[in-house]
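Colleague: Coordinates in data07.cif, mmCIF, C-alpha atoms and all ligand atoms, are listed below.
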```cif
data_upload
loop_
_atom_site.group_PDB
_atom_site.id
_atom_site.type_symbol
_atom_site.label_atom_id
_atom_site.label_comp_id
_atom_site.auth_asym_id
_atom_site.auth_seq_id
_atom_site.Cartn_x
_atom_site.Cartn_y
_atom_site.Cartn_z
ATOM 1 C CA MET B 142 -117.584 -22.480 30.893
ATOM 2 C CA THR B 143 -118.967 -25.943 30.263
ATOM 3 C CA SER B 144 -121.552 -24.654 27.774
ATOM 4 C CA VAL B 145 -118.908 -23.147 25.481
ATOM 5 C CA ARG B 146 -118.570 -25.079 22.260
ATOM 6 C CA HIS B 147 -115.253 -25.606 20.546
ATOM 7 C CA PHE B 148 -114.326 -26.772 17.050
ATOM 8 C CA LEU B 149 -111.367 -29.108 17.367
ATOM 9 C CA GLU B 150 -112.604 -31.714 14.871
ATOM 10 C CA VAL B 151 -115.450 -31.831 12.335
ATOM 11 C CA ASP B 152 -117.520 -34.128 14.567
ATOM 12 C CA ASP B 153 -117.816 -31.324 17.110
ATOM 13 C CA LEU B 154 -120.743 -30.526 14.789
ATOM 14 C CA THR B 155 -123.707 -32.824 14.242
ATOM 15 C CA ALA B 156 -124.572 -33.810 10.683
ATOM 16 C CA ALA B 157 -127.400 -31.251 10.677
ATOM 17 C CA GLU B 158 -125.100 -28.531 12.040
ATOM 18 C CA LEU B 159 -122.497 -29.321 9.396
ATOM 19 C CA ALA B 160 -125.172 -28.866 6.717
ATOM 20 C CA THR B 161 -126.134 -25.521 8.306
ATOM 21 C CA VAL B 162 -122.497 -24.356 8.375
ATOM 22 C CA LEU B 163 -122.148 -25.214 4.678
ATOM 23 C CA GLU B 164 -125.341 -23.288 3.904
ATOM 24 C CA LEU B 165 -124.078 -20.280 5.891
ATOM 25 C CA SER B 166 -120.790 -20.520 3.965
ATOM 26 C CA ALA B 167 -122.681 -19.719 0.771
ATOM 27 C CA ASP B 168 -124.247 -16.567 2.264
ATOM 28 C CA PRO B 169 -122.599 -13.585 0.515
ATOM 29 C CA SER B 170 -123.993 -11.002 2.972
ATOM 30 C CA PRO B 171 -123.846 -12.532 6.426
ATOM 31 C CA THR B 172 -125.084 -10.910 9.627
ATOM 32 C CA PRO B 173 -122.091 -9.074 11.159
ATOM 33 C CA ALA B 174 -121.821 -11.534 14.041
ATOM 34 C CA LEU B 175 -118.404 -10.233 15.080
ATOM 35 C CA GLU B 176 -119.124 -6.514 14.947
ATOM 36 C CA GLY B 177 -116.968 -4.765 17.538
ATOM 37 C CA LYS B 178 -115.358 -8.066 18.514
ATOM 38 C CA GLY B 179 -111.957 -9.630 18.032
ATOM 39 C CA MET B 180 -110.639 -13.071 17.192
ATOM 40 C CA ALA B 181 -107.179 -14.167 18.317
ATOM 41 C CA LEU B 182 -105.333 -16.302 15.739
ATOM 42 C CA LEU B 183 -102.320 -18.065 17.246
ATOM 43 C CA PHE B 184 -99.768 -19.893 15.065
ATOM 44 C CA GLU B 185 -97.127 -22.404 16.167
ATOM 45 C CA LYS B 186 -96.532 -23.370 12.507
ATOM 46 C CA PRO B 187 -96.427 -21.455 9.193
ATOM 47 C CA SER B 188 -99.619 -20.733 7.244
ATOM 48 C CA ALA B 189 -100.802 -18.930 4.118
ATOM 49 C CA ARG B 190 -104.392 -20.058 3.471
ATOM 50 C CA THR B 191 -105.507 -20.540 7.043
ATOM 51 C CA ARG B 192 -104.234 -17.216 8.339
ATOM 52 C CA HIS B 193 -105.556 -15.185 5.440
ATOM 53 C CA SER B 194 -108.884 -16.987 5.106
ATOM 54 C CA MET B 195 -109.544 -16.673 8.835
ATOM 55 C CA GLU B 196 -108.535 -13.012 8.945
ATOM 56 C CA MET B 197 -110.782 -12.142 6.006
ATOM 57 C CA ALA B 198 -113.676 -14.227 7.364
ATOM 58 C CA VAL B 199 -113.479 -12.286 10.629
ATOM 59 C CA VAL B 200 -113.397 -8.987 8.702
ATOM 60 C CA GLN B 201 -116.404 -10.043 6.591
ATOM 61 C CA LEU B 202 -118.312 -10.662 9.829
ATOM 62 C CA GLY B 203 -117.459 -7.167 11.061
ATOM 63 C CA GLY B 204 -114.748 -8.242 13.497
ATOM 64 C CA HIS B 205 -111.052 -7.620 14.009
ATOM 65 C CA PRO B 206 -108.527 -10.468 13.704
ATOM 66 C CA VAL B 207 -105.258 -10.442 15.642
ATOM 67 C CA SER B 208 -102.743 -12.954 14.258
ATOM 68 C CA PHE B 209 -99.551 -13.773 16.104
ATOM 69 C CA ALA B 210 -96.866 -16.428 16.442
ATOM 70 C CA ALA B 211 -97.028 -18.616 19.536
ATOM 71 C CA SER B 212 -93.451 -17.573 20.305
ATOM 72 C CA GLU B 213 -94.645 -13.980 20.738
ATOM 73 C CA VAL B 214 -96.662 -14.956 23.794
ATOM 74 C CA GLY B 215 -94.321 -17.728 24.910
ATOM 75 C CA ILE B 216 -96.821 -20.583 25.222
ATOM 76 C CA ASP B 217 -95.852 -22.890 28.130
ATOM 77 C CA ASP B 218 -92.710 -20.856 28.536
ATOM 78 C CA ARG B 219 -93.565 -17.305 29.449
ATOM 79 C CA GLU B 220 -97.049 -18.410 30.491
ATOM 80 C CA SER B 221 -99.037 -21.676 30.482
ATOM 81 C CA ALA B 222 -101.275 -22.443 27.501
ATOM 82 C CA GLU B 223 -104.239 -22.317 29.890
ATOM 83 C CA ASP B 224 -103.388 -18.805 31.060
ATOM 84 C CA VAL B 225 -102.771 -17.682 27.462
ATOM 85 C CA ALA B 226 -106.293 -18.903 26.566
ATOM 86 C CA ARG B 227 -107.845 -17.215 29.620
ATOM 87 C CA THR B 228 -106.019 -13.993 28.763
ATOM 88 C CA LEU B 229 -107.015 -13.980 25.081
ATOM 89 C CA ALA B 230 -110.632 -14.568 26.102
ATOM 90 C CA CYS B 231 -110.539 -11.245 27.993
ATOM 91 C CA PHE B 232 -110.269 -9.448 24.652
ATOM 92 C CA HIS B 233 -111.633 -11.789 21.982
ATOM 93 C CA ALA B 234 -114.900 -13.516 21.117
ATOM 94 C CA ALA B 235 -113.038 -16.605 19.869
ATOM 95 C CA ILE B 236 -109.545 -18.098 19.709
ATOM 96 C CA GLY B 237 -108.088 -19.900 16.690
ATOM 97 C CA ALA B 238 -104.911 -21.908 17.146
ATOM 98 C CA ARG B 239 -102.565 -23.821 14.841
ATOM 99 C CA VAL B 240 -100.525 -26.125 17.049
ATOM 100 C CA LYS B 241 -97.845 -28.785 16.912
ATOM 101 C CA SER B 242 -99.681 -31.012 19.368
ATOM 102 C CA HIS B 243 -103.449 -31.525 19.440
ATOM 103 C CA GLY B 244 -103.210 -31.821 23.223
ATOM 104 C CA LEU B 245 -102.357 -28.140 23.452
ATOM 105 C CA LEU B 246 -105.677 -27.257 21.809
ATOM 106 C CA GLU B 247 -107.498 -29.534 24.226
ATOM 107 C CA ARG B 248 -105.830 -27.832 27.180
ATOM 108 C CA MET B 249 -106.820 -24.394 25.892
ATOM 109 C CA ALA B 250 -110.385 -25.524 25.143
ATOM 110 C CA ALA B 251 -110.713 -27.048 28.624
ATOM 111 C CA VAL B 252 -110.416 -23.632 30.286
ATOM 112 C CA SER B 253 -111.426 -21.141 27.587
ATOM 113 C CA PRO B 254 -114.662 -19.208 28.175
ATOM 114 C CA VAL B 255 -114.829 -18.501 24.407
ATOM 115 C CA PRO B 256 -114.818 -20.977 21.487
ATOM 116 C CA VAL B 257 -111.466 -22.451 20.481
ATOM 117 C CA VAL B 258 -111.129 -23.278 16.769
ATOM 118 C CA ASN B 259 -108.538 -25.755 15.488
ATOM 119 C CA MET B 260 -106.592 -24.106 12.674
ATOM 120 C CA LEU B 261 -104.579 -27.364 12.175
ATOM 121 C CA SER B 262 -102.964 -29.742 14.615
ATOM 122 C CA ASP B 263 -100.919 -32.894 14.134
ATOM 123 C CA GLN B 264 -104.221 -34.793 14.383
ATOM 124 C CA ALA B 265 -106.852 -32.767 12.570
ATOM 125 C CA HIS B 266 -107.556 -29.987 10.099
ATOM 126 C CA PRO B 267 -111.316 -29.505 10.342
ATOM 127 C CA LEU B 268 -111.466 -26.052 8.712
ATOM 128 C CA GLN B 269 -109.873 -27.622 5.650
ATOM 129 C CA ALA B 270 -112.489 -30.376 5.613
ATOM 130 C CA LEU B 271 -115.296 -27.787 5.691
ATOM 131 C CA ALA B 272 -113.824 -26.092 2.605
ATOM 132 C CA ASP B 273 -113.343 -29.456 0.907
ATOM 133 C CA LEU B 274 -116.966 -30.446 1.469
ATOM 134 C CA LEU B 275 -118.142 -27.012 0.308
ATOM 135 C CA THR B 276 -116.166 -27.515 -2.915
ATOM 136 C CA VAL B 277 -117.745 -30.935 -3.459
ATOM 137 C CA LYS B 278 -121.204 -29.420 -2.870
ATOM 138 C CA GLN B 279 -120.562 -26.572 -5.344
ATOM 139 C CA GLU B 280 -119.245 -28.988 -7.933
ATOM 140 C CA PHE B 281 -121.784 -31.791 -7.694
ATOM 141 C CA GLY B 282 -124.829 -30.108 -6.127
ATOM 142 C CA GLU B 283 -124.779 -32.449 -3.158
ATOM 143 C CA ILE B 284 -122.222 -34.283 -1.066
ATOM 144 C CA SER B 285 -124.293 -37.310 -0.114
ATOM 145 C CA GLY B 286 -123.367 -40.365 -2.149
ATOM 146 C CA ARG B 287 -120.299 -38.805 -3.758
ATOM 147 C CA ARG B 288 -117.157 -40.905 -3.682
ATOM 148 C CA ILE B 289 -113.989 -39.259 -2.331
ATOM 149 C CA ALA B 290 -110.741 -41.154 -2.959
ATOM 150 C CA PHE B 291 -107.797 -39.944 -0.886
ATOM 151 C CA VAL B 292 -104.504 -41.236 -2.252
ATOM 152 C CA GLY B 293 -101.788 -40.652 0.316
ATOM 153 C CA ASP B 294 -101.069 -40.284 3.999
ATOM 154 C CA ALA B 295 -103.479 -40.992 6.840
ATOM 155 C CA ASN B 296 -102.787 -37.559 8.307
ATOM 156 C CA ASN B 297 -104.542 -34.548 9.792
ATOM 157 C CA VAL B 298 -106.157 -33.595 6.456
ATOM 158 C CA SER B 299 -107.418 -37.052 5.472
ATOM 159 C CA ARG B 300 -108.569 -37.792 9.038
ATOM 160 C CA SER B 301 -110.786 -34.700 9.221
ATOM 161 C CA LEU B 302 -112.027 -35.265 5.677
ATOM 162 C CA ALA B 303 -112.992 -38.864 6.479
ATOM 163 C CA ILE B 304 -114.978 -37.674 9.504
ATOM 164 C CA GLY B 305 -116.605 -34.859 7.518
ATOM 165 C CA ALA B 306 -117.450 -37.234 4.676
ATOM 166 C CA GLY B 307 -119.058 -39.593 7.181
ATOM 167 C CA LEU B 308 -121.241 -36.819 8.596
ATOM 168 C CA ALA B 309 -122.194 -35.638 5.084
ATOM 169 C CA LYS B 310 -122.901 -39.198 3.905
ATOM 170 C CA ALA B 311 -120.206 -39.237 1.230
ATOM 171 C CA GLN B 312 -118.212 -42.380 0.525
ATOM 172 C CA PHE B 313 -114.572 -42.185 1.622
ATOM 173 C CA VAL B 314 -111.777 -44.456 0.458
ATOM 174 C CA ILE B 315 -108.079 -44.074 1.284
ATOM 175 C CA SER B 316 -105.089 -45.711 -0.365
ATOM 176 C CA GLY B 317 -101.594 -45.508 1.078
ATOM 177 C CA PRO B 318 -98.641 -47.713 1.985
ATOM 178 C CA PRO B 319 -98.509 -50.072 4.984
ATOM 179 C CA GLY B 320 -97.447 -48.246 8.132
ATOM 180 C CA TYR B 321 -99.187 -45.014 7.150
ATOM 181 C CA GLN B 322 -102.790 -46.044 7.732
ATOM 182 C CA PHE B 323 -105.542 -44.886 10.084
ATOM 183 C CA SER B 324 -105.580 -46.396 13.572
ATOM 184 C CA GLU B 325 -108.524 -48.354 14.971
ATOM 185 C CA VAL B 326 -109.408 -45.242 16.998
ATOM 186 C CA ASP B 327 -109.555 -43.209 13.785
ATOM 187 C CA LEU B 328 -111.745 -45.809 12.058
ATOM 188 C CA ASP B 329 -114.078 -46.000 15.057
ATOM 189 C CA ARG B 330 -114.428 -42.218 15.044
ATOM 190 C CA VAL B 331 -115.517 -42.260 11.403
ATOM 191 C CA SER B 332 -117.907 -45.138 12.143
ATOM 192 C CA ALA B 333 -119.478 -43.056 14.923
ATOM 193 C CA THR B 334 -120.568 -40.520 12.278
ATOM 194 C CA GLY B 335 -122.493 -43.246 10.456
ATOM 195 C CA GLY B 336 -119.828 -43.364 7.739
ATOM 196 C CA ALA B 337 -117.205 -45.937 6.873
ATOM 197 C CA THR B 338 -113.596 -45.776 5.732
ATOM 198 C CA GLU B 339 -112.604 -48.077 2.910
ATOM 199 C CA ILE B 340 -108.894 -48.885 2.949
ATOM 200 C CA VAL B 341 -107.639 -50.034 -0.438
ATOM 201 C CA ASP B 342 -104.051 -51.008 -1.123
ATOM 202 C CA ASP B 343 -104.155 -50.385 -4.867
ATOM 203 C CA PRO B 344 -104.615 -46.671 -5.763
ATOM 204 C CA ILE B 345 -106.049 -47.621 -9.176
ATOM 205 C CA GLU B 346 -108.774 -49.578 -7.430
ATOM 206 C CA ALA B 347 -109.282 -46.725 -4.942
ATOM 207 C CA VAL B 348 -109.985 -44.072 -7.576
ATOM 208 C CA ALA B 349 -112.333 -46.219 -9.662
ATOM 209 C CA ASP B 350 -115.694 -44.400 -9.924
ATOM 210 C CA ALA B 351 -114.423 -41.592 -7.665
ATOM 211 C CA HIS B 352 -115.969 -38.130 -7.995
ATOM 212 C CA VAL B 353 -113.046 -36.602 -6.115
ATOM 213 C CA VAL B 354 -109.390 -37.601 -6.123
ATOM 214 C CA TYR B 355 -107.602 -35.916 -3.227
ATOM 215 C CA THR B 356 -104.028 -35.902 -2.019
ATOM 216 C CA ASP B 357 -101.783 -34.020 0.410
ATOM 217 C CA VAL B 358 -98.039 -33.821 0.943
ATOM 218 C CA TRP B 359 -96.333 -36.997 2.117
ATOM 219 C CA VAL B 360 -94.302 -35.108 4.716
ATOM 220 C CA SER B 361 -96.384 -32.869 6.949
ATOM 221 C CA MET B 362 -95.102 -29.945 9.002
ATOM 222 C CA GLY B 363 -93.202 -31.359 11.975
ATOM 223 C CA GLU B 364 -92.340 -34.640 10.209
ATOM 224 C CA GLU B 365 -89.123 -33.408 8.605
ATOM 225 C CA ALA B 366 -87.030 -36.048 10.416
ATOM 226 C CA GLN B 367 -89.064 -38.807 8.710
ATOM 227 C CA ALA B 368 -88.966 -37.197 5.257
ATOM 228 C CA SER B 369 -86.781 -39.673 3.364
ATOM 229 C CA GLU B 370 -88.455 -42.687 4.972
ATOM 230 C CA LYS B 371 -91.932 -41.414 4.081
ATOM 231 C CA ILE B 372 -91.029 -40.385 0.548
ATOM 232 C CA ASP B 373 -89.560 -43.863 -0.041
ATOM 233 C CA ALA B 374 -92.765 -45.468 1.243
ATOM 234 C CA PHE B 375 -95.134 -43.389 -0.936
ATOM 235 C CA ALA B 376 -93.138 -42.913 -4.167
ATOM 236 C CA ASN B 377 -94.144 -43.467 -6.917
ATOM 237 C CA ARG B 378 -97.074 -45.769 -6.432
ATOM 238 C CA TYR B 379 -99.172 -43.309 -4.429
ATOM 239 C CA ALA B 380 -98.533 -40.231 -6.572
ATOM 240 C CA VAL B 381 -101.536 -38.831 -8.460
ATOM 241 C CA SER B 382 -100.431 -39.054 -12.074
ATOM 242 C CA GLU B 383 -102.426 -38.262 -15.209
ATOM 243 C CA ALA B 384 -102.769 -42.008 -15.721
ATOM 244 C CA LEU B 385 -104.237 -42.458 -12.228
ATOM 245 C CA MET B 386 -106.613 -39.510 -12.724
ATOM 246 C CA GLY B 387 -107.730 -41.200 -15.943
ATOM 247 C CA ARG B 388 -108.905 -44.209 -13.911
ATOM 248 C CA ALA B 389 -111.301 -42.060 -11.818
ATOM 249 C CA GLY B 390 -114.864 -41.199 -12.771
ATOM 250 C CA ALA B 391 -115.355 -39.278 -16.022
ATOM 251 C CA ASP B 392 -116.352 -36.048 -14.216
ATOM 252 C CA ALA B 393 -113.862 -36.455 -11.388
ATOM 253 C CA ILE B 394 -112.200 -33.403 -9.878
ATOM 254 C CA PHE B 395 -108.796 -33.181 -8.225
ATOM 255 C CA LEU B 396 -108.393 -31.546 -4.797
ATOM 256 C CA HIS B 397 -105.359 -30.753 -2.637
ATOM 257 C CA CYS B 398 -105.374 -28.751 0.594
ATOM 258 C CA LEU B 399 -102.097 -27.046 -0.410
ATOM 259 C CA PRO B 400 -99.262 -26.297 -0.072
ATOM 260 C CA ALA B 401 -98.264 -28.979 -2.581
ATOM 261 C CA LYS B 402 -95.044 -30.430 -3.892
ATOM 262 C CA PRO B 403 -95.925 -30.733 -7.602
ATOM 263 C CA GLY B 404 -93.899 -33.544 -9.137
ATOM 264 C CA GLN B 405 -93.928 -35.477 -5.869
ATOM 265 C CA GLU B 406 -97.414 -36.456 -4.557
ATOM 266 C CA VAL B 407 -99.147 -35.048 -7.667
ATOM 267 C CA ALA B 408 -98.070 -34.474 -11.260
ATOM 268 C CA HIS B 409 -97.880 -30.879 -12.529
ATOM 269 C CA GLU B 410 -100.295 -31.881 -15.326
ATOM 270 C CA VAL B 411 -102.916 -32.888 -12.743
ATOM 271 C CA ILE B 412 -102.626 -30.143 -10.137
ATOM 272 C CA TYR B 413 -102.597 -27.417 -12.823
ATOM 273 C CA GLY B 414 -104.819 -29.377 -15.227
ATOM 274 C CA PRO B 415 -108.489 -29.071 -16.218
ATOM 275 C CA GLN B 416 -109.827 -31.392 -13.500
ATOM 276 C CA SER B 417 -108.108 -29.481 -10.702
ATOM 277 C CA ARG B 418 -110.226 -27.271 -8.446
ATOM 278 C CA ILE B 419 -107.432 -26.234 -6.059
ATOM 279 C CA TRP B 420 -107.969 -22.462 -6.287
ATOM 280 C CA GLN B 421 -111.729 -22.737 -5.831
ATOM 281 C CA GLN B 422 -110.973 -25.016 -2.859
ATOM 282 C CA ALA B 423 -108.476 -22.508 -1.440
ATOM 283 C CA GLU B 424 -110.984 -19.640 -1.780
ATOM 284 C CA ASN B 425 -113.549 -21.820 -0.064
ATOM 285 C CA ARG B 426 -111.361 -21.794 3.056
ATOM 286 C CA MET B 427 -112.568 -18.212 3.601
ATOM 287 C CA HIS B 428 -116.228 -18.933 2.870
ATOM 288 C CA ALA B 429 -116.234 -22.016 5.100
ATOM 289 C CA ALA B 430 -114.465 -20.171 7.929
ATOM 290 C CA ARG B 431 -117.056 -17.390 7.696
ATOM 291 C CA GLY B 432 -119.875 -19.943 7.772
ATOM 292 C CA LEU B 433 -118.424 -21.669 10.823
ATOM 293 C CA LEU B 434 -117.856 -18.421 12.736
ATOM 294 C CA ALA B 435 -121.345 -17.195 11.841
ATOM 295 C CA PHE B 436 -122.724 -20.462 13.221
ATOM 296 C CA PHE B 437 -120.655 -20.388 16.422
ATOM 297 C CA LEU B 438 -120.875 -16.684 17.193
ATOM 298 C CA GLY B 439 -124.049 -15.590 15.413
ATOM 299 C CA ALA B 440 -126.347 -15.908 18.408
ATOM 300 C CA SER B 441 -123.992 -14.419 21.000
HETATM 301 N N1 LIG B 501 -104.325 -25.713 3.586
HETATM 302 C C1 LIG B 501 -103.762 -24.955 4.548
HETATM 303 O O1 LIG B 501 -104.069 -25.069 5.728
HETATM 304 O O2 LIG B 501 -102.835 -24.068 4.104
HETATM 305 P P1 LIG B 501 -101.862 -23.214 5.035
HETATM 306 O O3 LIG B 501 -100.970 -24.215 5.747
HETATM 307 O O4 LIG B 501 -101.097 -22.328 4.106
HETATM 308 O O5 LIG B 501 -102.680 -22.460 6.030
HETATM 309 N N1 LIG B 502 -100.732 -32.323 6.234
HETATM 310 C C1 LIG B 502 -100.194 -30.997 6.027
HETATM 311 C C2 LIG B 502 -101.313 -30.045 5.779
HETATM 312 C C3 LIG B 502 -100.893 -28.597 5.563
HETATM 313 C C4 LIG B 502 -102.067 -27.691 5.342
HETATM 314 C C5 LIG B 502 -99.385 -30.568 7.234
HETATM 315 O O1 LIG B 502 -99.807 -30.812 8.359
HETATM 316 O O2 LIG B 502 -98.299 -30.012 7.046
#
```
As a first step, turn the structure in this file into structure tokens.
Ligand code: CP
Ligand code: NVA
Modeller:
Amino acid sequence: MTSVRHFLEVDDLTAAELATVLELSADPSPTPALEGKGMALLFEKPSARTRHSMEMAVVQLGGHPVSFAASEVGIDDRESAEDVARTLACFHAAIGARVKSHGLLERMAAVSPVPVVNMLSDQAHPLQALADLLTVKQEFGEISGRRIAFVGDANNVSRSLAIGAGLAKAQFVISGPPGYQFSEVDLDRVSATGGATEIVDDPIEAVADAHVVYTDVWVSMGEEAQASEKIDAFANRYAVSEALMGRAGADAIFLHCLPAKPGQEVAHEVIYGPQSRIWQQAENRMHAARGLLAFFLGAS
């Protein structure tokens, strides 16, 4: 069980492995690594992109996805999370889980004899970061040296992107209000990749010379009770407006993991404008998921 590898955060891959996963993501005719096998996809929170991209990635690898809500199996209610993981591993080559608490993923990974893949937790969204980096690579030819400016919350999406950027040798800068910043633990984790996180108060300064301007919702799933407090803290200074986009590099693209609240964290003119690559980025969720699964399960 100890030799099983899991994907709970981007730095579960080395820099070289991340590069390999991104190369595999571009393979249009992959080896059917999941032929005759299943993948369990467990959801404690809603999803459009993650569920559908994962299901189609499994199908493209010859496998059979089984998606279900956590309430259907009664995690830690009908049965412990550990026993759910052990049970799913009887039938599936891998387990994907979208969870409210990252600790639940860690508990499942600790006992699972098959890989556990984080499909979003309160702490991390590594599958999203893979798709984001793939989009940067497609757009600019290489990731190394590109400057990614994240304007918004230090959340699951920006945390995984900062780690992925560090591994891929991209520059990463984040701009958000006081109280919604990365912790020292987060910053140390990025440093361990060889990267660095620039924290810039002024979003105009943050986007200067950026190749990528990225944002996410200000209120993540599970944070509904803090909604008005967070919106007050971010509005309007940390919204990506046309004017802010105009301060980025001349060839800059706009990215958003989606779902978005157009008119709140990003202007309609930006998210649906010529610099936006959100649909390419969304499609890349499937290609990146396929690349990751091919890497994890290809040799088994
Ligand atoms: N970006 C993303 O994870 O989208 P879903 O929440 O719809 O899966
Ligand atoms: N930060 C957002 C990302 C959704 C894909 C959330 O956790 O709700």
Colleague: Up to 12 Å from (-101.1, -42.5, -12.8) in the file's coordinates: name the residues, counting only C-alpha atoms, as a PyMOL selection string.
Modeller: chain B and resi 292+343-346+348+354+376-389+406-408+410-411
Colleague: Write out the residues from the selection above, keeping C-alpha atoms, as a CSV table (one decimal), in the coordinates of the input.
Modeller:
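File produced: result.csv:
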```
chain,number,residue,atom,x,y,z
B,292,VAL,CA,-104.5,-41.2,-2.3
B,343,ASP,CA,-104.2,-50.4,-4.9
B,344,PRO,CA,-104.6,-46.7,-5.8
B,345,ILE,CA,-106.0,-47.6,-9.2
B,346,GLU,CA,-108.8,-49.6,-7.4
B,348,VAL,CA,-110.0,-44.1,-7.6
B,354,VAL,CA,-109.4,-37.6,-6.1
B,376,ALA,CA,-93.1,-42.9,-4.2
B,377,ASN,CA,-94.1,-43.5,-6.9
B,378,ARG,CA,-97.1,-45.8,-6.4
B,379,TYR,CA,-99.2,-43.3,-4.4
B,380,ALA,CA,-98.5,-40.2,-6.6
B,381,VAL,CA,-101.5,-38.8,-8.5
B,382,SER,CA,-100.4,-39.1,-12.1
B,383,GLU,CA,-102.4,-38.3,-15.2
B,384,ALA,CA,-102.8,-42.0,-15.7
B,385,LEU,CA,-104.2,-42.5,-12.2
B,386,MET,CA,-106.6,-39.5,-12.7
B,387,GLY,CA,-107.7,-41.2,-15.9
B,388,ARG,CA,-108.9,-44.2,-13.9
B,389,ALA,CA,-111.3,-42.1,-11.8
B,406,GLU,CA,-97.4,-36.5,-4.6
B,407,VAL,CA,-99.1,-35.0,-7.7
B,408,ALA,CA,-98.1,-34.5,-11.3
B,410,GLU,CA,-100.3,-31.9,-15.3
B,411,VAL,CA,-102.9,-32.9,-12.7
```
Colleague: Kindly compile the residues surrounding ligand LIG 502 (chain B) within 8 Å, counting all atoms listed in the file, and format them as an MDAnalysis selection string.
Modeller: chainID B and resid 188 261:263 266 269 296:298 357:363 398:400
Colleague: Give me the residues within 9 Å of Glu424 (chain B) as JSON, numbers by chain, counting all atoms listed in the file and dropping any in the same chain fewer than 5 places off.
Modeller: {"B": [190, 194, 272, 419, 429]}
Colleague: B:His243, B:Lys178, B:Lys402, B:Lys278: which is nearest Cys231 (chain B), counting all atoms listed in the file?
Modeller: B:Lys178
Colleague: Draw an axis-aligned box over all listed atoms of ligand LIG 501 (chain B), pad each side with 3 Å, and write its centre and edge lengths in Å, one decimal, as AutoDock Vina command-line options.
Modeller:
```
--center_x -102.6 --center_y -24.0 --center_z 4.8 --size_x 9.4 --size_y 9.4 --size_z 8.4
```
